[in-house]
Amino acid sequence: MPSAARSSALLAVALLAAAVRAGDLSALVRDAAGQPVADAVVSLAPLDAPAPPYAPDKHPVEIVQSGKQYRPYVTPVRAGTRVDFPNEDSVQHHIYSVSKPKPFEKPLYESGASESVLFDQPGVVTLGCNIHDWMVAYVVVLETPWFAKSDEAGRAAVTGLPAGRYALEVWHPRLAAPVRQEVRLAESGALEQAFELRLKPDRRVRRAPSGESKGY
Ligand SMILES: [Cu+2]
């Protein structure tokens with residue numbers, strides 16, 4: 001590579017590094033017993049400037065029906081996101097929501113069928129199935145691009161935040177109300193936040209009660 005080209009390539013790398021060197025938030029979410037909490041949605045809404053415009057994700061967002069369960073259980077999305085609902089089971093499903101931000105109904109009678117739903121209003125949408133009443137999932141529709149879902153270790157990382165003040169919110173299906181607080185992010189560096197959530201008991205039925213029964 002000629003040296004001029006190499007130095008401009010290096011400059012591009014340096015500029016890219018500067019562009020991504022914004023504030024990061026690293027959250028650790030635990031319950032009252034100190035156990036890590038998965039499926040908590042940590043979001044940061046900017047208070048000093050409007051959120052950047054919605055840019056569609058290159059990867060389609062999917063909530064699969066598989067093993068007579070929704071996977072994943074919790075899906076955070078930016079308002080304006082279209083979510084696909086492929087049915088990977090050999091049985092039919094009939095997905096529905098009666099939640100205010102997005103009431104809808106989609107019968108997915110055939111295995112391999114997929115329908116998509118546009119989530120354009122912020123709020124929490126609870127999904128059920130008219131055929132399998134234990135099936136439940138949540139779509140958390142947010143007005144900010146800065147959010148993350150905690151993993152099995154209770155960790156959620158939100159990166160690339162411009163410096164400034166944010167309304168931080170932690171949502172979980174078993175919280176009576178989201179946890180809210182204001183945080184301030186510096187130009188660079190990571191802000192570590194630990195959250196201890198007081199969760200309601202988990203009433204989920206973990207497995208399809210009828211097992212592999214045919215046609216149901
Ligand atoms: Cu179903």
# chains A, B, ... in the order shown; residues from 1 in each chain; ligands from 1
>>> residues_near_ligand(ligand="ligand 1", cutoff="12 Å", atoms="only C-alpha atoms and all ligand atoms", output="count of residues only")
40
>>> select_by_dssp(residues="region 110-186 of chain A", states="strand (DSSP E or B)", output="CSV table (one decimal) with N, CA and C atoms, in the first residue's frame")
chain,number,residue,atom,x,y,z
A,116,SER,N,-45.1,-10.4,10.3
A,116,SER,CA,-44.4,-9.4,11.0
A,116,SER,C,-45.4,-8.3,11.5
A,117,VAL,N,-45.0,-7.7,12.6
A,117,VAL,CA,-45.8,-6.7,13.3
A,117,VAL,C,-44.9,-5.5,13.5
A,118,LEU,N,-45.5,-4.3,13.2
A,118,LEU,CA,-44.7,-3.0,13.4
A,118,LEU,C,-45.1,-2.5,14.8
A,119,PHE,N,-44.0,-2.3,15.6
A,119,PHE,CA,-44.2,-1.8,17.0
A,119,PHE,C,-43.8,-0.3,16.9
A,123,GLY,N,-43.9,1.5,24.9
A,123,GLY,CA,-44.6,0.8,26.0
A,123,GLY,C,-44.3,-0.7,26.0
A,124,VAL,N,-44.9,-1.4,26.9
A,124,VAL,CA,-44.6,-2.8,27.0
A,124,VAL,C,-45.8,-3.6,26.4
A,125,VAL,N,-45.5,-4.5,25.4
A,125,VAL,CA,-46.5,-5.3,24.8
A,125,VAL,C,-46.3,-6.7,25.3
A,126,THR,N,-47.4,-7.3,25.9
A,126,THR,CA,-47.4,-8.7,26.3
A,126,THR,C,-48.0,-9.6,25.3
A,127,LEU,N,-47.3,-10.6,24.9
A,127,LEU,CA,-47.7,-11.5,23.9
A,127,LEU,C,-48.2,-12.8,24.5
A,128,GLY,N,-49.4,-13.3,24.0
A,128,GLY,CA,-49.9,-14.6,24.4
A,128,GLY,C,-50.2,-15.4,23.2
A,129,CYS,N,-50.7,-16.6,23.4
A,129,CYS,CA,-51.1,-17.5,22.3
A,129,CYS,C,-52.4,-18.1,22.7
A,137,ALA,N,-44.5,-13.7,26.1
A,137,ALA,CA,-43.3,-13.0,25.8
A,137,ALA,C,-43.6,-11.5,25.9
A,138,TYR,N,-42.6,-10.7,26.0
A,138,TYR,CA,-42.7,-9.3,26.1
A,138,TYR,C,-41.9,-8.6,25.0
A,139,VAL,N,-42.5,-7.5,24.4
A,139,VAL,CA,-41.8,-6.6,23.5
A,139,VAL,C,-41.8,-5.3,24.3
A,140,VAL,N,-40.6,-4.8,24.6
A,140,VAL,CA,-40.4,-3.5,25.3
A,140,VAL,C,-40.0,-2.5,24.2
A,141,VAL,N,-41.0,-1.6,23.9
A,141,VAL,CA,-40.8,-0.6,22.8
A,141,VAL,C,-40.4,0.7,23.4
A,142,LEU,N,-39.2,1.1,23.0
A,142,LEU,CA,-38.5,2.3,23.6
A,142,LEU,C,-38.4,3.4,22.6
A,147,PHE,N,-30.2,0.9,24.6
A,147,PHE,CA,-30.7,0.0,25.6
A,147,PHE,C,-30.0,-1.3,25.4
A,148,ALA,N,-30.2,-2.2,26.5
A,148,ALA,CA,-29.6,-3.5,26.5
A,148,ALA,C,-30.4,-4.4,27.4
A,149,LYS,N,-30.3,-5.7,27.2
A,149,LYS,CA,-31.0,-6.7,28.0
A,149,LYS,C,-30.0,-7.5,28.8
A,155,ARG,N,-25.7,-9.1,33.5
A,155,ARG,CA,-24.9,-7.9,32.9
A,155,ARG,C,-25.6,-7.4,31.7
A,156,ALA,N,-25.7,-6.0,31.6
A,156,ALA,CA,-26.2,-5.4,30.4
A,156,ALA,C,-25.3,-4.2,30.1
A,157,ALA,N,-24.8,-4.1,28.9
A,157,ALA,CA,-23.9,-3.0,28.5
A,157,ALA,C,-24.5,-2.1,27.4
A,158,VAL,N,-24.5,-0.8,27.7
A,158,VAL,CA,-25.0,0.1,26.6
A,158,VAL,C,-23.8,1.0,26.3
A,159,THR,N,-23.4,0.9,25.0
A,159,THR,CA,-22.2,1.6,24.6
A,159,THR,C,-22.5,2.8,23.6
A,160,GLY,N,-21.5,3.7,23.5
A,160,GLY,CA,-21.6,4.7,22.5
A,160,GLY,C,-22.5,5.8,22.8
A,161,LEU,N,-22.6,6.1,24.1
A,161,LEU,CA,-23.6,7.2,24.5
A,161,LEU,C,-22.9,8.5,24.5
A,164,GLY,N,-23.6,13.5,28.6
A,164,GLY,CA,-24.8,14.2,29.0
A,164,GLY,C,-25.7,13.5,30.0
A,165,ARG,N,-26.8,14.0,30.3
A,165,ARG,CA,-27.7,13.5,31.3
A,165,ARG,C,-28.8,12.5,30.6
A,166,TYR,N,-29.1,11.5,31.3
A,166,TYR,CA,-30.0,10.5,30.8
A,166,TYR,C,-31.0,10.1,31.8
A,167,ALA,N,-32.2,9.8,31.4
A,167,ALA,CA,-33.2,9.1,32.3
A,167,ALA,C,-33.0,7.6,32.1
A,168,LEU,N,-32.4,7.0,33.1
A,168,LEU,CA,-32.2,5.5,33.0
A,168,LEU,C,-33.4,4.8,33.6
A,169,GLU,N,-33.7,3.7,32.9
A,169,GLU,CA,-34.9,2.9,33.4
A,169,GLU,C,-34.5,1.5,33.3
A,170,VAL,N,-34.9,0.7,34.4
A,170,VAL,CA,-34.7,-0.7,34.4
A,170,VAL,C,-36.1,-1.4,34.4
A,171,TRP,N,-36.4,-2.2,33.4
A,171,TRP,CA,-37.7,-2.9,33.4
A,171,TRP,C,-37.5,-4.3,33.4
A,179,VAL,N,-37.6,0.7,37.6
A,179,VAL,CA,-36.7,1.5,38.4
A,179,VAL,C,-36.2,2.6,37.6
A,180,ARG,N,-36.3,3.8,38.1
A,180,ARG,CA,-35.9,5.0,37.3
A,180,ARG,C,-34.9,5.8,38.1
A,181,GLN,N,-33.9,6.3,37.4
A,181,GLN,CA,-33.0,7.3,38.0
A,181,GLN,C,-32.3,8.1,36.9
A,182,GLU,N,-31.8,9.3,37.3
A,182,GLU,CA,-31.1,10.1,36.3
A,182,GLU,C,-29.6,9.8,36.5
A,183,VAL,N,-28.9,9.7,35.3
A,183,VAL,CA,-27.4,9.4,35.4
A,183,VAL,C,-26.8,10.5,34.4
A,184,ARG,N,-25.5,10.7,34.7
A,184,ARG,CA,-24.7,11.6,33.9
A,184,ARG,C,-23.5,10.9,33.3
A,185,LEU,N,-23.4,10.9,32.0
A,185,LEU,CA,-22.2,10.3,31.4
A,185,LEU,C,-21.2,11.3,30.9
>>> residues_around(residues="region 51-60 of chain A", least_positions_apart="5", cutoff="8 Å", atoms="only C-alpha atoms", output="list in words")
Ala45, Pro46, Arg78, Ala79, Gly80, Thr81, Arg82, Val83, Asp84, Glu143, Thr144 and Pro145 of chain A
>>> write_last_selection(atoms="N, CA and C atoms", output="compact mmCIF listing (two decimals), in the first residue's frame")
# COMPACT_ATOMS: atom_id res chain seq x y z
N ALA A 45 -32.70 7.26 28.09
CA ALA A 45 -33.30 8.28 27.22
C ALA A 45 -32.58 9.60 27.46
N PRO A 46 -32.07 10.24 26.40
CA PRO A 46 -31.30 11.47 26.60
C PRO A 46 -32.19 12.62 27.11
N ARG A 78 -36.49 -0.46 19.47
CA ARG A 78 -36.78 0.97 19.29
C ARG A 78 -38.15 1.10 18.64
N ALA A 79 -38.93 2.11 19.05
CA ALA A 79 -40.23 2.36 18.39
C ALA A 79 -40.00 2.55 16.90
N GLY A 80 -40.80 1.87 16.08
CA GLY A 80 -40.62 1.91 14.63
C GLY A 80 -40.06 0.60 14.09
N THR A 81 -39.76 -0.35 14.99
CA THR A 81 -39.16 -1.62 14.57
C THR A 81 -40.25 -2.62 14.19
N ARG A 82 -39.97 -3.35 13.10
CA ARG A 82 -40.84 -4.43 12.67
C ARG A 82 -40.26 -5.74 13.20
N VAL A 83 -41.09 -6.53 13.84
CA VAL A 83 -40.64 -7.80 14.42
C VAL A 83 -41.29 -8.94 13.65
N ASP A 84 -40.48 -9.93 13.26
CA ASP A 84 -40.99 -11.13 12.59
C ASP A 84 -41.32 -12.20 13.62
N GLU A 143 -38.25 4.62 23.12
CA GLU A 143 -38.07 5.80 22.26
C GLU A 143 -36.61 6.23 22.18
N THR A 144 -35.71 5.33 22.59
CA THR A 144 -34.29 5.64 22.54
C THR A 144 -33.55 4.49 21.86
N PRO A 145 -32.44 4.79 21.17
CA PRO A 145 -31.65 3.69 20.59
C PRO A 145 -30.72 3.04 21.61
>>> closest_residue(among="A:Gly112, A:Pro201, A:Pro122, A:Gly189", to="Ala163 (chain A)", atoms="only C-alpha atoms")
A:Gly189
>>> atom_distance(atom1="CA of Ala27 (chain A)", atom2="CA of Gln193 (chain A)")
4.9 Å
>>> residues_around(residues="Leu191 (chain A)", least_positions_apart="4", cutoff="7 Å", atoms="only C-alpha atoms", output="PDB file with N, CA and C atoms, in the first residue's frame")
ATOM      1  N   ASP A  24     -19.926   4.784  28.082  1.00  0.00           N
ATOM      2  CA  ASP A  24     -20.529   3.458  28.144  1.00  0.00           C
ATOM      3  C   ASP A  24     -21.197   3.289  29.508  1.00  0.00           C
ATOM      4  N   LEU A  25     -22.249   2.530  29.510  1.00  0.00           N
ATOM      5  CA  LEU A  25     -22.888   2.183  30.777  1.00  0.00           C
ATOM      6  C   LEU A  25     -22.844   0.672  30.927  1.00  0.00           C
ATOM      7  N   SER A  26     -22.339   0.246  32.067  1.00  0.00           N
ATOM      8  CA  SER A  26     -22.258  -1.178  32.346  1.00  0.00           C
ATOM      9  C   SER A  26     -23.115  -1.445  33.581  1.00  0.00           C
ATOM     10  N   LEU A 185     -23.371  10.939  31.996  1.00  0.00           N
ATOM     11  CA  LEU A 185     -22.245  10.254  31.366  1.00  0.00           C
ATOM     12  C   LEU A 185     -21.209  11.254  30.909  1.00  0.00           C
TER      13      LEU A 185
END
>>> residues_around(residues="Asp151 (chain A)", least_positions_apart="6", cutoff="9 Å", atoms="only C-alpha atoms", output="MDAnalysis selection string")
chainID A and resid 36:40
>>> closest_residue(among="A:Glu62, A:Pro162, A:Ala176, A:Tyr73", to="Arg204 (chain A)", atoms="only C-alpha atoms")
A:Tyr73
>>> atom_distance(atom1="CA of Lys100 (chain A)", atom2="CA of Asp120 (chain A)")
11.6 Å
>>> decode(residues="region 14-73 of chain A", atoms="C-alpha atoms", output="short mmCIF file (atom, residue, chain, number, x, y, z; two decimals), in the first residue's frame")
data_model
loop_
_atom_site.label_atom_id
_atom_site.label_comp_id
_atom_site.auth_asym_id
_atom_site.auth_seq_id
_atom_site.Cartn_x
_atom_site.Cartn_y
_atom_site.Cartn_z
CA ALA A 14 -8.26 6.93 14.32
CA LEU A 15 -11.40 8.92 13.47
CA LEU A 16 -13.52 5.81 13.88
CA ALA A 17 -11.94 5.17 17.27
CA ALA A 18 -12.70 8.77 18.30
CA ALA A 19 -16.28 8.44 17.09
CA VAL A 20 -16.93 5.33 19.12
CA ARG A 21 -15.15 6.62 22.19
CA ALA A 22 -18.27 7.90 23.87
CA GLY A 23 -19.65 7.02 27.27
CA ASP A 24 -20.53 3.46 28.14
CA LEU A 25 -22.89 2.18 30.78
CA SER A 26 -22.26 -1.18 32.35
CA ALA A 27 -25.12 -2.45 34.51
CA LEU A 28 -25.20 -5.38 36.90
CA VAL A 29 -28.75 -6.46 37.77
CA ARG A 30 -29.41 -8.68 40.79
CA ASP A 31 -32.42 -9.63 42.87
CA ALA A 32 -32.90 -9.00 46.60
CA ALA A 33 -31.04 -12.27 47.36
CA GLY A 34 -28.03 -11.13 45.31
CA GLN A 35 -28.69 -13.55 42.44
CA PRO A 36 -28.12 -12.30 38.86
CA VAL A 37 -31.28 -11.31 36.99
CA ALA A 38 -31.60 -12.04 33.27
CA ASP A 39 -34.12 -10.38 30.91
CA ALA A 40 -34.00 -6.94 32.55
CA VAL A 41 -34.13 -4.11 30.00
CA VAL A 42 -31.84 -1.19 30.81
CA SER A 43 -32.57 1.88 28.70
CA LEU A 44 -31.23 5.43 28.64
CA ALA A 45 -33.30 8.28 27.22
CA PRO A 46 -31.30 11.47 26.60
CA LEU A 47 -32.39 14.53 28.62
CA ASP A 48 -30.13 17.16 27.05
CA ALA A 49 -30.80 16.50 23.35
CA PRO A 50 -33.39 14.68 21.28
CA ALA A 51 -32.72 11.00 20.61
CA PRO A 52 -31.17 10.40 17.18
CA PRO A 53 -33.64 9.42 14.47
CA TYR A 54 -34.65 5.80 14.14
CA ALA A 55 -32.31 3.76 11.94
CA PRO A 56 -33.58 0.29 11.08
CA ASP A 57 -31.44 -2.61 12.26
CA LYS A 58 -29.72 -4.57 9.48
CA HIS A 59 -30.62 -7.81 11.22
CA PRO A 60 -34.31 -8.62 11.37
CA VAL A 61 -35.72 -8.80 14.88
CA GLU A 62 -37.39 -12.17 15.44
CA ILE A 63 -39.52 -13.76 18.11
CA VAL A 64 -39.64 -17.44 17.24
CA GLN A 65 -42.29 -19.89 18.32
CA SER A 66 -40.33 -23.03 19.09
CA GLY A 67 -41.07 -25.91 21.47
CA LYS A 68 -44.41 -24.20 22.20
CA GLN A 69 -42.59 -21.25 23.73
CA TYR A 70 -41.71 -17.79 22.52
CA ARG A 71 -37.98 -17.24 22.14
CA PRO A 72 -36.70 -14.88 23.34
CA TYR A 73 -38.85 -14.21 26.37
#
